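Structure below is query31.cif: mmCIF, C-alpha atoms.
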data_upload
loop_
_atom_site.label_atom_id
_atom_site.label_comp_id
_atom_site.auth_asym_id
_atom_site.auth_seq_id
_atom_site.Cartn_x
_atom_site.Cartn_y
_atom_site.Cartn_z
CA GLN A 40 -16.54 -7.29 -0.64
CA VAL A 41 -14.59 -4.18 0.35
CA GLN A 42 -14.26 -0.73 -1.19
CA LEU A 43 -10.99 1.15 -0.79
CA VAL A 44 -10.40 4.91 -0.88
CA GLU A 45 -6.89 6.37 -0.75
CA SER A 46 -5.98 9.84 0.47
CA GLY A 47 -2.94 11.82 1.54
CA GLY A 48 -1.12 12.19 -1.73
CA GLY A 49 0.32 15.48 -2.92
CA LEU A 50 3.41 17.41 -3.90
CA VAL A 51 6.47 17.28 -1.63
CA GLN A 52 10.12 18.21 -1.97
CA ALA A 53 12.80 15.55 -2.02
CA GLY A 54 13.68 14.51 1.50
CA GLY A 55 10.19 15.26 2.76
CA SER A 56 7.49 12.99 4.11
CA LEU A 57 3.90 12.04 3.35
CA ARG A 58 1.47 9.66 4.97
CA LEU A 59 -1.03 7.91 2.75
CA SER A 60 -4.24 6.50 4.15
CA CYS A 61 -6.59 3.93 2.70
CA ALA A 62 -10.05 3.69 4.22
CA ALA A 63 -11.99 0.48 3.70
CA SER A 64 -15.73 0.02 3.78
CA GLY A 65 -17.42 -3.01 5.29
CA ARG A 66 -17.03 -4.90 8.53
CA THR A 67 -14.51 -7.49 7.34
CA PHE A 68 -11.43 -5.31 6.96
CA SER A 69 -9.53 -7.42 9.47
CA SER A 70 -9.99 -10.42 7.16
CA TYR A 71 -7.87 -8.88 4.42
CA HIS A 72 -4.17 -8.63 3.94
CA MET A 73 -3.45 -5.13 2.64
CA GLY A 74 -0.89 -3.81 0.23
CA TRP A 75 0.37 -0.64 -1.40
CA PHE A 76 1.46 -0.51 -5.02
CA ARG A 77 2.52 2.33 -7.30
CA GLN A 78 2.48 3.01 -11.00
CA THR A 79 4.00 5.55 -13.36
CA PRO A 80 2.88 6.14 -16.97
CA GLY A 81 3.98 3.41 -19.33
CA LYS A 82 5.15 1.09 -16.57
CA GLU A 83 3.62 -1.86 -14.79
CA ARG A 84 2.18 -1.47 -11.33
CA GLU A 85 4.88 -2.27 -8.83
CA PHE A 86 4.78 -3.53 -5.27
CA VAL A 87 5.64 -1.15 -2.44
CA ALA A 88 4.59 -2.74 0.86
CA ALA A 89 2.16 -5.23 2.39
CA VAL A 90 0.86 -6.06 5.84
CA SER A 91 -0.88 -9.21 7.00
CA ARG A 92 -4.33 -9.29 8.62
CA SER A 93 -3.05 -8.97 12.16
CA SER A 94 0.03 -6.89 11.33
CA ILE A 95 2.36 -9.74 12.27
CA ILE A 96 4.05 -9.84 8.87
CA THR A 97 5.14 -6.98 6.65
CA TYR A 98 6.87 -6.97 3.27
CA TYR A 99 8.67 -4.12 1.56
CA ALA A 100 10.16 -3.52 -1.84
CA ASP A 101 13.92 -3.12 -1.65
CA SER A 102 13.60 0.40 -3.05
CA VAL A 103 11.61 1.62 -0.03
CA LYS A 104 13.05 -0.40 2.86
CA GLY A 105 14.12 1.84 5.70
CA ARG A 106 12.14 4.78 4.31
CA PHE A 107 8.52 3.61 4.14
CA THR A 108 6.43 1.98 6.86
CA ILE A 109 3.11 0.21 6.35
CA SER A 110 0.68 -0.12 9.24
CA ARG A 111 -2.99 -0.77 9.80
CA ASP A 112 -5.67 0.00 12.35
CA ASN A 113 -8.36 -2.66 12.14
CA GLY A 114 -10.56 -0.69 14.51
CA LYS A 115 -10.58 2.19 12.02
CA ASN A 116 -10.66 0.03 8.87
CA THR A 117 -7.60 1.90 7.62
CA VAL A 118 -4.17 1.05 6.31
CA TYR A 119 -1.38 3.60 6.22
CA LEU A 120 1.85 4.14 4.33
CA GLN A 121 4.29 6.48 6.04
CA MET A 122 6.79 7.68 3.48
CA ASN A 123 9.97 9.40 4.64
CA SER A 124 13.08 10.60 2.85
CA LEU A 125 11.14 10.80 -0.37
CA LYS A 126 12.98 10.79 -3.67
CA PRO A 127 11.89 12.02 -7.12
CA GLU A 128 11.78 8.37 -8.25
CA ASP A 129 9.00 7.78 -5.70
CA THR A 130 6.72 9.90 -7.88
CA ALA A 131 3.77 7.75 -8.93
CA VAL A 132 0.11 7.03 -8.43
CA TYR A 133 -0.17 4.97 -5.27
CA TYR A 134 -2.85 2.31 -4.91
CA CYS A 135 -3.95 0.33 -1.91
CA ALA A 136 -5.23 -3.19 -2.38
CA GLY A 137 -6.94 -5.92 -0.37
CA SER A 138 -6.33 -9.65 -0.48
CA ILE A 139 -8.53 -12.41 0.94
CA ARG A 140 -6.01 -15.18 0.36
CA PHE A 141 -5.42 -17.49 3.32
CA ALA A 142 -1.62 -17.54 3.22
CA GLN A 143 0.33 -14.49 4.35
CA ASP A 144 3.34 -15.27 2.21
CA MET A 145 5.48 -13.48 -0.31
CA ALA A 146 2.76 -13.82 -2.93
CA LEU A 147 1.44 -10.64 -1.33
CA MET A 148 4.24 -8.84 -3.15
CA ARG A 149 2.51 -9.45 -6.47
CA THR A 150 -0.61 -7.88 -7.94
CA PRO A 151 -2.47 -11.18 -8.69
CA ALA A 152 -2.81 -11.80 -4.94
CA TYR A 153 -5.20 -8.86 -4.61
CA GLU A 154 -8.88 -8.81 -5.44
CA TYR A 155 -9.75 -5.27 -4.46
CA TRP A 156 -8.15 -1.99 -5.47
CA GLY A 157 -8.60 1.67 -4.70
CA GLN A 158 -8.68 4.44 -7.29
CA GLY A 159 -5.20 5.71 -6.47
CA THR A 160 -3.67 8.90 -5.13
CA GLN A 161 -0.92 10.92 -6.84
CA VAL A 162 2.39 11.46 -5.10
CA THR A 163 4.82 13.88 -6.71
CA VAL A 164 8.31 14.43 -5.33
CA SER A 165 10.17 17.44 -6.69
CA SER A 166 13.96 17.62 -6.81
#

What do you get writing this file as structure tokens?
Amino acid sequence: QVQLVESGGGLVQAGGSLRLSCAASGRTFSSYHMGWFRQTPGKEREFVAAVSRSSIITYYADSVKGRFTISRDNGKNTVYLQMNSLKPEDTAVYYCAGSIRFAQDMALMRTPAYEYWGQGTQVTVSS
């Protein structure tokens, strides 16, 4: 089992940058694929980015491609989301998630692939 704690959220102006971090407990972090999702009030949680166990494969939502970068440091049990050129529509609560599934396929772009979730961190982008 793994526990996930996000940090790095905050208020930023449009065009600015933030880096989110997600620290994982336990010694098996490298066994998990990791993802970032976001949610706004009244809407379903939506996929943002995912990275495979060994960082070989990454997936991105079309809305963030070229602006966001997911990465992980298995030695530090941490996954990151670097967010550049932020837009007001990026405003949301951002969640990191861990998946123990064997395959590192596009199923990682969907919430059912993930067993573990953090509590979320608020990102607000002002216009």

For a quick check of your reading of the model, name the residues lying within 12 Å of the coordinate (4.8, 7.4, 5.8), counting all atoms listed in the file, and write them as a count of residues only.
29

Between A:Ser46, A:Gln40, A:Ala136, A:Tyr98, which residue has the minimum interatomic distance to Tyr153 (chain A), considering only C-alpha atoms?
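Distance minimum relative to Tyr153 (chain A) lands on A:Ala136.
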
Excluding Met73 (chain A) and any residue of its chain fewer than 2 positions from it, enumerate the residues within 6 Å of it, using all atoms listed in the file, and give them as a PyMOL selection string.
chain A and resi 89-90+136-137

Report the distance between CA of Gly81 (chain A) and CA of Asp144 (chain A) in Å, rounded to one decimal place.
28.5 Å

As AutoDock Vina command-line options, what would the box around region 129-136 of chain A look like: edges along x, y and z, 8 Å added on every side, centre and edge lengths in Å to one decimal?
--center_x 1.9 --center_y 3.4 --center_z -5.4 --size_x 30.2 --size_y 29.1 --size_z 23.0

Hits from the PyMOL selection byres ((chain A and resi 113) around 12), listed as JSON, numbers by chain:
{"A": [61, 62, 63, 64, 65, 66, 67, 68, 69, 70, 71, 72, 73, 90, 91, 92, 93, 94, 110, 111, 112, 114, 115, 116, 117, 118, 119]}

Please write the residues from the selection above to a file, keeping C-alpha atoms, as a compact mmCIF listing (two decimals), in the frame of the given file.
# COMPACT_ATOMS: atom_id res chain seq x y z
CA CYS A 61 -6.59 3.93 2.70
CA ALA A 62 -10.05 3.69 4.22
CA ALA A 63 -11.99 0.48 3.70
CA SER A 64 -15.73 0.02 3.78
CA GLY A 65 -17.42 -3.01 5.29
CA ARG A 66 -17.03 -4.90 8.53
CA THR A 67 -14.51 -7.49 7.34
CA PHE A 68 -11.43 -5.31 6.96
CA SER A 69 -9.53 -7.42 9.47
CA SER A 70 -9.99 -10.42 7.16
CA TYR A 71 -7.87 -8.88 4.42
CA HIS A 72 -4.17 -8.63 3.94
CA MET A 73 -3.45 -5.13 2.64
CA VAL A 90 0.86 -6.06 5.84
CA SER A 91 -0.88 -9.21 7.00
CA ARG A 92 -4.33 -9.29 8.62
CA SER A 93 -3.05 -8.97 12.16
CA SER A 94 0.03 -6.89 11.33
CA SER A 110 0.68 -0.12 9.24
CA ARG A 111 -2.99 -0.77 9.80
CA ASP A 112 -5.67 0.00 12.35
CA GLY A 114 -10.56 -0.69 14.51
CA LYS A 115 -10.58 2.19 12.02
CA ASN A 116 -10.66 0.03 8.87
CA THR A 117 -7.60 1.90 7.62
CA VAL A 118 -4.17 1.05 6.31
CA TYR A 119 -1.38 3.60 6.22

How many Å lie between CA of Ser165 (chain A) and CA of Lys126 (chain A), rounded to one decimal?
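Taking CA of Ser165 (chain A) as the start and CA of Lys126 (chain A) as the end point, the length is 7.8 Å.
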
Using only C-alpha atoms: which of A:Tyr133, A:Ser166, A:Ala146, A:Gln158 has the shortest distance to Arg84 (chain A)
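The answer is A:Tyr133, which sits nearest to Arg84 (chain A).
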
Please measure the separation of CA of Phe141 (chain A) and CA of Thr160 (chain A), giving the value in Å to one decimal.
27.8 Å

For each of A:Ile139, A:Leu43, A:Met145, A:Val132, take the minimum atom-to-atom distance to Gly159 (chain A), counting only C-alpha atoms, then give the residue where this is smallest.
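Smallest separation from Gly159 (chain A) among the options: A:Val132.
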
Shortest contact to Glu45 (chain A), candidates A:Trp156, A:Gln78, A:Pro151, A:Glu83, atoms counted all atoms listed in the file, goes to A:Trp156

Just give me the residues with any atom within 10 Å of (9.5, 11.7, -8.3), file coordinates, counting only C-alpha atoms, written as a short mmCIF file (atom, residue, chain, number, x, y, z; two decimals) with C-alpha atoms, in the frame of the given file.
data_model
loop_
_atom_site.label_atom_id
_atom_site.label_comp_id
_atom_site.auth_asym_id
_atom_site.auth_seq_id
_atom_site.Cartn_x
_atom_site.Cartn_y
_atom_site.Cartn_z
CA LEU A 50 3.41 17.41 -3.90
CA VAL A 51 6.47 17.28 -1.63
CA GLN A 52 10.12 18.21 -1.97
CA ALA A 53 12.80 15.55 -2.02
CA THR A 79 4.00 5.55 -13.36
CA LEU A 125 11.14 10.80 -0.37
CA LYS A 126 12.98 10.79 -3.67
CA PRO A 127 11.89 12.02 -7.12
CA GLU A 128 11.78 8.37 -8.25
CA ASP A 129 9.00 7.78 -5.70
CA THR A 130 6.72 9.90 -7.88
CA ALA A 131 3.77 7.75 -8.93
CA VAL A 162 2.39 11.46 -5.10
CA THR A 163 4.82 13.88 -6.71
CA VAL A 164 8.31 14.43 -5.33
CA SER A 165 10.17 17.44 -6.69
CA SER A 166 13.96 17.62 -6.81
#
